[in-house]
Amino acid sequence: MYRPSVLLLALLQGQASAHTFIWGVFVNGVDQGLFKGIRTPAYNGPPGGGGFANSPVKDLGSIDLRCNVLGDIPAPDTIKVQPGDNLTFDWKHNYRNGSDDIIDKSHHGPSLVYISPDPPAENSFVKLWHQGLYEIASFPQPGKWSTTSNLAKNGGRMSIRIPKDLKAGYYLIRAEMIALHEGDADFRKSPMRGAQFYPNCVQIEVTGDGAVELPEGVSFPGAYSHDDPGVVHNKQTAPCRTAYEIPGPTVWSGAWQETTSAPAGEITGGSTAPLWSTWIKQSVVTSATFADRASPTVVGTSTFSAQWSSTYQTPAPATKRW
Ligand SMILES: *[C@@H]1O[C@H](CO)[C@@H](O)[C@H](O)[C@H]1NC(C)=O
Ligand SMILES: *[C@@H]1O[C@H](CO)[C@@H](O)[C@H](O)[C@H]1NC(C)=O
């Protein structure tokens with residue numbers, strides 16, 4: 001079909017950690033089920049090495065910054081919502097239950113949510129919400145950051161509300177965490193380091209008779225630059241106790257101003273992700289960085305090339321990966 005053969009079976013040793021991604025979506029507190037509507041990134045390599053060792057996206061020019069690795073492939077299900085509905089994304093690291101750490105403790109950084117018509121086009125991503133450093137502490141304490149203090153402490157729950165009167169249609173929500181623990185380095189100069197981006201896209205269909213169209217937004221890739229102060233963020237010269245500038249545009253005025261806190265109900269479905277080997281037939285190396293911290297090897301740039309269509313792709317069971 002539209003998917004070319006994905007080449008290269010790369011068996012990489014070691015496992016990059018903190019592969020946080022979305023395991024479920026609650027609509028007004030009701031869980032839609034494990035991985036429903038989610039373009040799950042190819043993160044969940046087997047612990048302990050071998051296989052599918054995708055690192056976070058760090059190359060800001062990579063198409064993987066849009067919806068992560070394999071983000072062009074429609075998930076089989078689309079979540080139906082209405083304007084005003086509250087969506088809660090359930091970010092997890094290793095399993096979808098209370099034992100999970102969501103994201104490594106060191107991974108301080110901002111969280112961001114965008115919306116775009118599906119498929120995205122030039123400048124189609126509009127920011128709905130973001131949160132960065134929200135409580136300042138005395139250096140060298142990190143202060144309170146969205147990823148490690150808000151989301152990780154609240155079970156990985158990230159909430160947004162579908163804009164009022166948003167026009168019916170298919171949209172992608174692009175939710176993201178950014179980890180800055182190695183963000184003092186510029187990835188272009190030190191590809192082993194640099195800020196780590198964890199984008200993840202969710203397919204929604206907005207119903208109803210709303211008339212509001214999204215304004216012009218930003219593109220992914222394109223919205224972020226290694227020159228942004230919030231991307232190359234040197235904790236030494238710009239300590240976390242000072243202001244932090246969240247990357248990307250301002251939040252759209254049409255987005256709800258208050259953050260929703262719809263209580264999430266019971267989780268439906270399992271708490272574990274199938275091993276990558278059950279759903280990925282051929283491994284890919286992406287905008288990867290290193291495989292093993294003990295003996296780091298730059299594994300190079302992407303050999304997986306996403307094939308984004310310019311027309312809406314009706315999800316088909318054939319694309320099912322779970
Ligand atoms: C979560 O799932 C993992 C893997 O199945 C299991 O080891 C752990 O005990 C579970 N924790 C809870 C609180 O259920
Ligand atoms: C969404 O949450 C807000 C409170 O944050 C609430 O006022 C509103 O009724 C909720 N919407 C729905 C559809 O439940």
# chains A, B, ... in the order shown; residues from 1 in each chain; ligands from 1
call {"tool": "select_by_dssp", "arguments": {"residues": "segment 6-241 of chain A", "states": "strand (DSSP E)", "output": "number ranges by chain"}}
result
A: 21-27, 30-31, 38-39, 79-81, 86-92, 111-117, 126-131, 133-135, 144-145, 157-161, 169-179, 196-206
call {"tool": "residues_near_ligand", "arguments": {"ligand": "ligand 2", "cutoff": "10 Å", "atoms": "only C-alpha atoms and all ligand atoms", "output": "JSON, numbers by chain"}}
result
{"A": [27, 28, 29, 81, 82, 83, 84, 85, 86, 87, 159, 160, 161, 162, 256, 258, 259, 260, 261, 262, 263]}
call {"tool": "write_last_selection", "arguments": {"atoms": "N, CA, C and O atoms", "output": "PDB file, in the first residue's frame"}}
result
ATOM      1  N   VAL A  27     -12.267   9.828  27.944  1.00  0.00           N
ATOM      2  CA  VAL A  27     -13.134  10.891  27.446  1.00  0.00           C
ATOM      3  C   VAL A  27     -14.153  11.163  28.539  1.00  0.00           C
ATOM      4  O   VAL A  27     -14.923  10.264  28.910  1.00  0.00           O
ATOM      5  N   ASN A  28     -14.147  12.356  29.086  1.00  0.00           N
ATOM      6  CA  ASN A  28     -14.980  12.707  30.243  1.00  0.00           C
ATOM      7  C   ASN A  28     -14.866  11.649  31.340  1.00  0.00           C
ATOM      8  O   ASN A  28     -15.856  11.237  31.949  1.00  0.00           O
ATOM      9  N   GLY A  29     -13.645  11.186  31.549  1.00  0.00           N
ATOM     10  CA  GLY A  29     -13.382  10.243  32.632  1.00  0.00           C
ATOM     11  C   GLY A  29     -13.571   8.778  32.269  1.00  0.00           C
ATOM     12  O   GLY A  29     -13.265   7.904  33.070  1.00  0.00           O
ATOM     13  N   VAL A  81     -15.451  12.421  19.780  1.00  0.00           N
ATOM     14  CA  VAL A  81     -15.608  13.417  20.848  1.00  0.00           C
ATOM     15  C   VAL A  81     -16.484  14.558  20.355  1.00  0.00           C
ATOM     16  O   VAL A  81     -16.743  14.689  19.158  1.00  0.00           O
ATOM     17  N   GLN A  82     -16.896  15.386  21.314  1.00  0.00           N
ATOM     18  CA  GLN A  82     -17.650  16.590  20.988  1.00  0.00           C
ATOM     19  C   GLN A  82     -16.914  17.795  21.546  1.00  0.00           C
ATOM     20  O   GLN A  82     -16.169  17.664  22.522  1.00  0.00           O
ATOM     21  N   PRO A  83     -17.141  18.966  20.968  1.00  0.00           N
ATOM     22  CA  PRO A  83     -16.565  20.173  21.571  1.00  0.00           C
ATOM     23  C   PRO A  83     -16.946  20.239  23.050  1.00  0.00           C
ATOM     24  O   PRO A  83     -18.079  19.907  23.409  1.00  0.00           O
ATOM     25  N   GLY A  84     -16.011  20.625  23.885  1.00  0.00           N
ATOM     26  CA  GLY A  84     -16.282  20.713  25.325  1.00  0.00           C
ATOM     27  C   GLY A  84     -15.966  19.445  26.099  1.00  0.00           C
ATOM     28  O   GLY A  84     -15.920  19.466  27.328  1.00  0.00           O
ATOM     29  N   ASP A  85     -15.730  18.342  25.380  1.00  0.00           N
ATOM     30  CA  ASP A  85     -15.362  17.107  26.084  1.00  0.00           C
ATOM     31  C   ASP A  85     -13.967  17.243  26.705  1.00  0.00           C
ATOM     32  O   ASP A  85     -13.096  17.930  26.153  1.00  0.00           O
ATOM     33  N   ASN A  86     -13.800  16.558  27.812  1.00  0.00           N
ATOM     34  CA  ASN A  86     -12.500  16.543  28.494  1.00  0.00           C
ATOM     35  C   ASN A  86     -11.762  15.253  28.159  1.00  0.00           C
ATOM     36  O   ASN A  86     -12.288  14.166  28.383  1.00  0.00           O
ATOM     37  N   LEU A  87     -10.573  15.408  27.629  1.00  0.00           N
ATOM     38  CA  LEU A  87      -9.751  14.246  27.276  1.00  0.00           C
ATOM     39  C   LEU A  87      -8.574  14.163  28.231  1.00  0.00           C
ATOM     40  O   LEU A  87      -7.907  15.167  28.492  1.00  0.00           O
ATOM     41  N   SER A 159      -4.447  16.383  30.795  1.00  0.00           N
ATOM     42  CA  SER A 159      -5.815  16.647  30.336  1.00  0.00           C
ATOM     43  C   SER A 159      -5.924  17.897  29.475  1.00  0.00           C
ATOM     44  O   SER A 159      -5.242  18.893  29.713  1.00  0.00           O
ATOM     45  N   ILE A 160      -6.794  17.824  28.488  1.00  0.00           N
ATOM     46  CA  ILE A 160      -7.157  18.994  27.690  1.00  0.00           C
ATOM     47  C   ILE A 160      -8.657  18.917  27.424  1.00  0.00           C
ATOM     48  O   ILE A 160      -9.290  17.890  27.653  1.00  0.00           O
ATOM     49  N   ARG A 161      -9.181  20.005  26.918  1.00  0.00           N
ATOM     50  CA  ARG A 161     -10.604  20.029  26.596  1.00  0.00           C
ATOM     51  C   ARG A 161     -10.762  20.383  25.114  1.00  0.00           C
ATOM     52  O   ARG A 161     -10.076  21.287  24.614  1.00  0.00           O
ATOM     53  N   ILE A 162     -11.655  19.694  24.425  1.00  0.00           N
ATOM     54  CA  ILE A 162     -11.876  19.960  22.999  1.00  0.00           C
ATOM     55  C   ILE A 162     -12.468  21.364  22.853  1.00  0.00           C
ATOM     56  O   ILE A 162     -13.455  21.696  23.515  1.00  0.00           O
ATOM     57  N   TRP A 256      -9.432  26.272  25.728  1.00  0.00           N
ATOM     58  CA  TRP A 256      -9.964  26.563  27.057  1.00  0.00           C
ATOM     59  C   TRP A 256      -8.833  27.097  27.923  1.00  0.00           C
ATOM     60  O   TRP A 256      -7.723  26.559  27.907  1.00  0.00           O
ATOM     61  N   GLU A 258      -8.687  27.384  31.299  1.00  0.00           N
ATOM     62  CA  GLU A 258      -8.387  26.611  32.510  1.00  0.00           C
ATOM     63  C   GLU A 258      -8.050  25.165  32.140  1.00  0.00           C
ATOM     64  O   GLU A 258      -8.542  24.647  31.145  1.00  0.00           O
ATOM     65  N   THR A 259      -7.197  24.562  32.935  1.00  0.00           N
ATOM     66  CA  THR A 259      -6.876  23.165  32.732  1.00  0.00           C
ATOM     67  C   THR A 259      -7.963  22.328  33.376  1.00  0.00           C
ATOM     68  O   THR A 259      -8.336  22.561  34.518  1.00  0.00           O
ATOM     69  N   THR A 260      -8.461  21.366  32.642  1.00  0.00           N
ATOM     70  CA  THR A 260      -9.532  20.546  33.196  1.00  0.00           C
ATOM     71  C   THR A 260      -8.952  19.484  34.120  1.00  0.00           C
ATOM     72  O   THR A 260      -7.799  19.110  34.021  1.00  0.00           O
ATOM     73  N   SER A 261      -9.775  19.032  34.991  1.00  0.00           N
ATOM     74  CA  SER A 261      -9.329  17.962  35.880  1.00  0.00           C
ATOM     75  C   SER A 261     -10.459  16.945  36.031  1.00  0.00           C
ATOM     76  O   SER A 261     -10.917  16.665  37.118  1.00  0.00           O
ATOM     77  N   ALA A 262     -10.925  16.451  34.896  1.00  0.00           N
ATOM     78  CA  ALA A 262     -11.985  15.447  34.918  1.00  0.00           C
ATOM     79  C   ALA A 262     -11.449  14.206  35.618  1.00  0.00           C
ATOM     80  O   ALA A 262     -10.392  13.696  35.255  1.00  0.00           O
ATOM     81  N   PRO A 263     -12.139  13.709  36.633  1.00  0.00           N
ATOM     82  CA  PRO A 263     -11.641  12.510  37.310  1.00  0.00           C
ATOM     83  C   PRO A 263     -11.694  11.311  36.370  1.00  0.00           C
ATOM     84  O   PRO A 263     -12.680  11.118  35.656  1.00  0.00           O
TER      85      PRO A 263
END
call {"tool": "closest_atom_pairs", "arguments": {"of": "chain A", "to": "ligand 1", "cutoff": "8 Å", "atoms": "only C-alpha atoms and all ligand atoms", "output": "JSON lines"}}
result
{"residue": "A:Asn94", "atom": "CA", "partner": "ligand 1", "partner_atom_place_in_ligand_line": "4 (C)", "distance": 7.9}
{"residue": "A:Tyr95", "atom": "CA", "partner": "ligand 1", "partner_atom_place_in_ligand_line": "2 (O)", "distance": 5.5}
{"residue": "A:Arg96", "atom": "CA", "partner": "ligand 1", "partner_atom_place_in_ligand_line": "1 (C)", "distance": 6.7}
{"residue": "A:Asn97", "atom": "CA", "partner": "ligand 1", "partner_atom_place_in_ligand_line": "1 (C)", "distance": 4.9}
{"residue": "A:Gly98", "atom": "CA", "partner": "ligand 1", "partner_atom_place_in_ligand_line": "13 (C)", "distance": 4.5}
{"residue": "A:Ser99", "atom": "CA", "partner": "ligand 1", "partner_atom_place_in_ligand_line": "11 (N)", "distance": 4.6}
{"residue": "A:Asp100", "atom": "CA", "partner": "ligand 1", "partner_atom_place_in_ligand_line": "1 (C)", "distance": 7.0}
{"residue": "A:Ser271", "atom": "CA", "partner": "ligand 1", "partner_atom_place_in_ligand_line": "2 (O)", "distance": 6.0}
{"residue": "A:Thr272", "atom": "CA", "partner": "ligand 1", "partner_atom_place_in_ligand_line": "5 (O)", "distance": 6.0}
call {"tool": "write_last_selection", "arguments": {"atoms": "N, CA, C and O atoms", "output": "CSV table (one decimal), in the first residue's frame"}}
result
chain,number,residue,atom,x,y,z
A,94,ASN,N,6.3,1.7,31.6
A,94,ASN,CA,6.5,0.2,31.4
A,94,ASN,C,5.2,-0.6,31.4
A,94,ASN,O,5.1,-1.6,30.8
A,95,TYR,N,4.2,-0.1,32.2
A,95,TYR,CA,2.9,-0.8,32.3
A,95,TYR,C,1.9,0.1,32.8
A,95,TYR,O,2.2,1.1,33.4
A,96,ARG,N,0.7,-0.2,32.4
A,96,ARG,CA,-0.4,0.7,32.7
A,96,ARG,C,-1.1,0.3,34.1
A,96,ARG,O,-2.2,-0.2,34.2
A,97,ASN,N,-0.3,0.6,35.1
A,97,ASN,CA,-0.9,0.4,36.5
A,97,ASN,C,-0.1,1.2,37.5
A,97,ASN,O,0.8,2.0,37.1
A,98,GLY,N,-0.5,1.1,38.7
A,98,GLY,CA,0.0,2.0,39.7
A,98,GLY,C,1.5,1.8,40.1
A,98,GLY,O,2.1,2.6,40.8
A,99,SER,N,2.1,0.8,39.5
A,99,SER,CA,3.6,0.6,39.8
A,99,SER,C,4.4,1.4,38.9
A,99,SER,O,5.6,1.5,39.1
A,100,ASP,N,3.8,2.0,37.9
A,100,ASP,CA,4.6,2.6,36.8
A,100,ASP,C,5.2,4.0,37.3
A,100,ASP,O,4.6,4.7,38.1
A,271,SER,N,-2.8,-4.2,31.2
A,271,SER,CA,-1.8,-3.2,31.8
A,271,SER,C,-0.5,-3.3,31.2
A,271,SER,O,0.5,-2.6,31.5
A,272,THR,N,-0.3,-4.3,30.3
A,272,THR,CA,1.0,-4.4,29.6
A,272,THR,C,0.9,-4.3,28.1
A,272,THR,O,-0.1,-4.5,27.5
call {"tool": "closest_residue", "arguments": {"among": "A:Val126, A:Ala175, A:Ile204, A:Leu112", "to": "Ser146 of chain A", "atoms": "only C-alpha atoms"}}
result
A:Leu112
call {"tool": "closest_atom_pairs", "arguments": {"of": "segment 182-208 of chain A", "to": "segment 216-227 of chain A", "cutoff": "9 Å", "atoms": "only C-alpha atoms", "output": "JSON lines"}}
result
{"residue": "A:Asp186", "atom": "CA", "partner": "A:His226", "partner_atom": "CA", "distance": 6.6}
{"residue": "A:Phe187", "atom": "CA", "partner": "A:His226", "partner_atom": "CA", "distance": 7.5}
{"residue": "A:Arg188", "atom": "CA", "partner": "A:His226", "partner_atom": "CA", "distance": 7.7}
call {"tool": "select_by_dssp", "arguments": {"residues": "segment 25-242 of chain A", "states": "helix (DSSP H, G or I)", "output": "ChimeraX atom specification"}}
result
/A:64-67,146-154
call {"tool": "write_last_selection", "arguments": {"atoms": "C-alpha atoms", "output": "mmCIF file, in the first residue's frame"}}
result
data_model
loop_
_atom_site.group_PDB
_atom_site.id
_atom_site.type_symbol
_atom_site.label_atom_id
_atom_site.label_comp_id
_atom_site.auth_asym_id
_atom_site.auth_seq_id
_atom_site.Cartn_x
_atom_site.Cartn_y
_atom_site.Cartn_z
ATOM 1 C CA ASP A 64 9.510 11.704 13.591
ATOM 2 C CA LEU A 65 9.059 14.901 15.587
ATOM 3 C CA ARG A 66 5.519 15.078 14.208
ATOM 4 C CA CYS A 67 3.940 11.975 15.722
ATOM 5 C CA SER A 146 5.463 19.612 34.344
ATOM 6 C CA THR A 147 6.857 16.179 33.404
ATOM 7 C CA THR A 148 8.362 15.125 36.723
ATOM 8 C CA SER A 149 6.233 16.961 39.252
ATOM 9 C CA ASN A 150 2.812 17.331 37.737
ATOM 10 C CA LEU A 151 2.385 14.408 35.333
ATOM 11 C CA ALA A 152 4.589 11.813 37.014
ATOM 12 C CA LYS A 153 3.086 12.571 40.424
ATOM 13 C CA ASN A 154 -0.434 12.401 39.034
#
call {"tool": "closest_atom_pairs", "arguments": {"of": "segment 23-117 of chain A", "to": "segment 140-144 of chain A", "cutoff": "10 Å", "atoms": "only C-alpha atoms", "output": "Markdown table"}}
result
| residue | atom | partner | partner_atom | distance |
| --- | --- | --- | --- | --- |
| A:Ser106 | CA | A:Pro142 | CA | 9.5 |
| A:His108 | CA | A:Pro142 | CA | 7.9 |
| A:Gly109 | CA | A:Lys144 | CA | 9.2 |
call {"tool": "atom_distance", "arguments": {"atom1": "atom CA of Pro317 of chain A", "atom2": "atom CA of Trp91 of chain A"}}
result
24.5 Å
call {"tool": "closest_residue", "arguments": {"among": "A:Val251, A:Ala316, A:Ile79, A:Ala306", "to": "Lys127 of chain A", "atoms": "only C-alpha atoms"}}
result
A:Val251
call {"tool": "residues_around", "arguments": {"residues": "Pro56 of chain A", "least_positions_apart": "3", "cutoff": "6 Å", "atoms": "only C-alpha atoms", "output": "ChimeraX atom specification"}}
result
/A:196-198
call {"tool": "write_last_selection", "arguments": {"atoms": "all heavy atoms", "output": "PDB file, in the first residue's frame"}}
result
ATOM      1  N   GLN A 196      15.309  15.764  24.849  1.00  0.00           N
ATOM      2  CA  GLN A 196      14.634  14.558  24.362  1.00  0.00           C
ATOM      3  C   GLN A 196      13.138  14.842  24.194  1.00  0.00           C
ATOM      4  O   GLN A 196      12.475  15.251  25.138  1.00  0.00           O
ATOM      5  CB  GLN A 196      14.835  13.417  25.356  1.00  0.00           C
ATOM      6  CG  GLN A 196      16.300  13.123  25.632  1.00  0.00           C
ATOM      7  CD  GLN A 196      16.501  11.889  26.499  1.00  0.00           C
ATOM      8  OE1 GLN A 196      15.542  11.369  27.084  1.00  0.00           O
ATOM      9  NE2 GLN A 196      17.729  11.422  26.589  1.00  0.00           N
ATOM     10  N   PHE A 197      12.641  14.564  23.017  1.00  0.00           N
ATOM     11  CA  PHE A 197      11.233  14.843  22.705  1.00  0.00           C
ATOM     12  C   PHE A 197      10.450  13.532  22.647  1.00  0.00           C
ATOM     13  O   PHE A 197      10.881  12.574  22.014  1.00  0.00           O
ATOM     14  CB  PHE A 197      11.132  15.592  21.364  1.00  0.00           C
ATOM     15  CG  PHE A 197      11.775  16.943  21.429  1.00  0.00           C
ATOM     16  CD1 PHE A 197      13.157  17.070  21.358  1.00  0.00           C
ATOM     17  CD2 PHE A 197      11.006  18.079  21.616  1.00  0.00           C
ATOM     18  CE1 PHE A 197      13.769  18.317  21.468  1.00  0.00           C
ATOM     19  CE2 PHE A 197      11.605  19.331  21.720  1.00  0.00           C
ATOM     20  CZ  PHE A 197      12.985  19.450  21.647  1.00  0.00           C
ATOM     21  N   TYR A 198       9.300  13.543  23.329  1.00  0.00           N
ATOM     22  CA  TYR A 198       8.417  12.372  23.357  1.00  0.00           C
ATOM     23  C   TYR A 198       7.028  12.754  22.839  1.00  0.00           C
ATOM     24  O   TYR A 198       6.091  12.905  23.612  1.00  0.00           O
ATOM     25  CB  TYR A 198       8.305  11.837  24.784  1.00  0.00           C
ATOM     26  CG  TYR A 198       9.612  11.328  25.349  1.00  0.00           C
ATOM     27  CD1 TYR A 198      10.458  12.165  26.060  1.00  0.00           C
ATOM     28  CD2 TYR A 198       9.999  10.016  25.146  1.00  0.00           C
ATOM     29  CE1 TYR A 198      11.667  11.703  26.563  1.00  0.00           C
ATOM     30  CE2 TYR A 198      11.207   9.546  25.644  1.00  0.00           C
ATOM     31  CZ  TYR A 198      12.031  10.398  26.353  1.00  0.00           C
ATOM     32  OH  TYR A 198      13.223   9.935  26.843  1.00  0.00           O
TER      33      TYR A 198
END
call {"tool": "closest_residue", "arguments": {"among": "A:Glu182, A:Glu266, A:Glu213, A:Glu176", "to": "Gly132 of chain A", "atoms": "only C-alpha atoms"}}
result
A:Glu176
call {"tool": "residues_around", "arguments": {"residues": "Ile173 of chain A", "least_positions_apart": "5", "cutoff": "10 Å", "atoms": "only C-alpha atoms", "output": "list in words"}}
result
Ile38, Cys67, Val113, Tyr114, Ile115, Ser116, Pro117, Asp118, Phe125, Val126, Lys127, Leu128, Ile160, Ile162, Pro199, Asn200, Cys201, Val202, Gln203 and Ile204 of chain A
call {"tool": "residues_around", "arguments": {"residues": "Pro110 of chain A", "least_positions_apart": "5", "cutoff": "9 Å", "atoms": "only C-alpha atoms", "output": "number ranges by chain"}}
result
A: 130-133, 145-147, 176-180, 230, 246-247
call {"tool": "closest_residue", "arguments": {"among": "A:Arg174, A:Lys92, A:Lys80, A:His19", "to": "Lys36 of chain A", "atoms": "only C-alpha atoms"}}
result
A:Lys80
call {"tool": "closest_residue", "arguments": {"among": "A:His107, A:Arg39, A:Arg193, A:Arg157", "to": "His181 of chain A", "atoms": "only C-alpha atoms"}}
result
A:His107
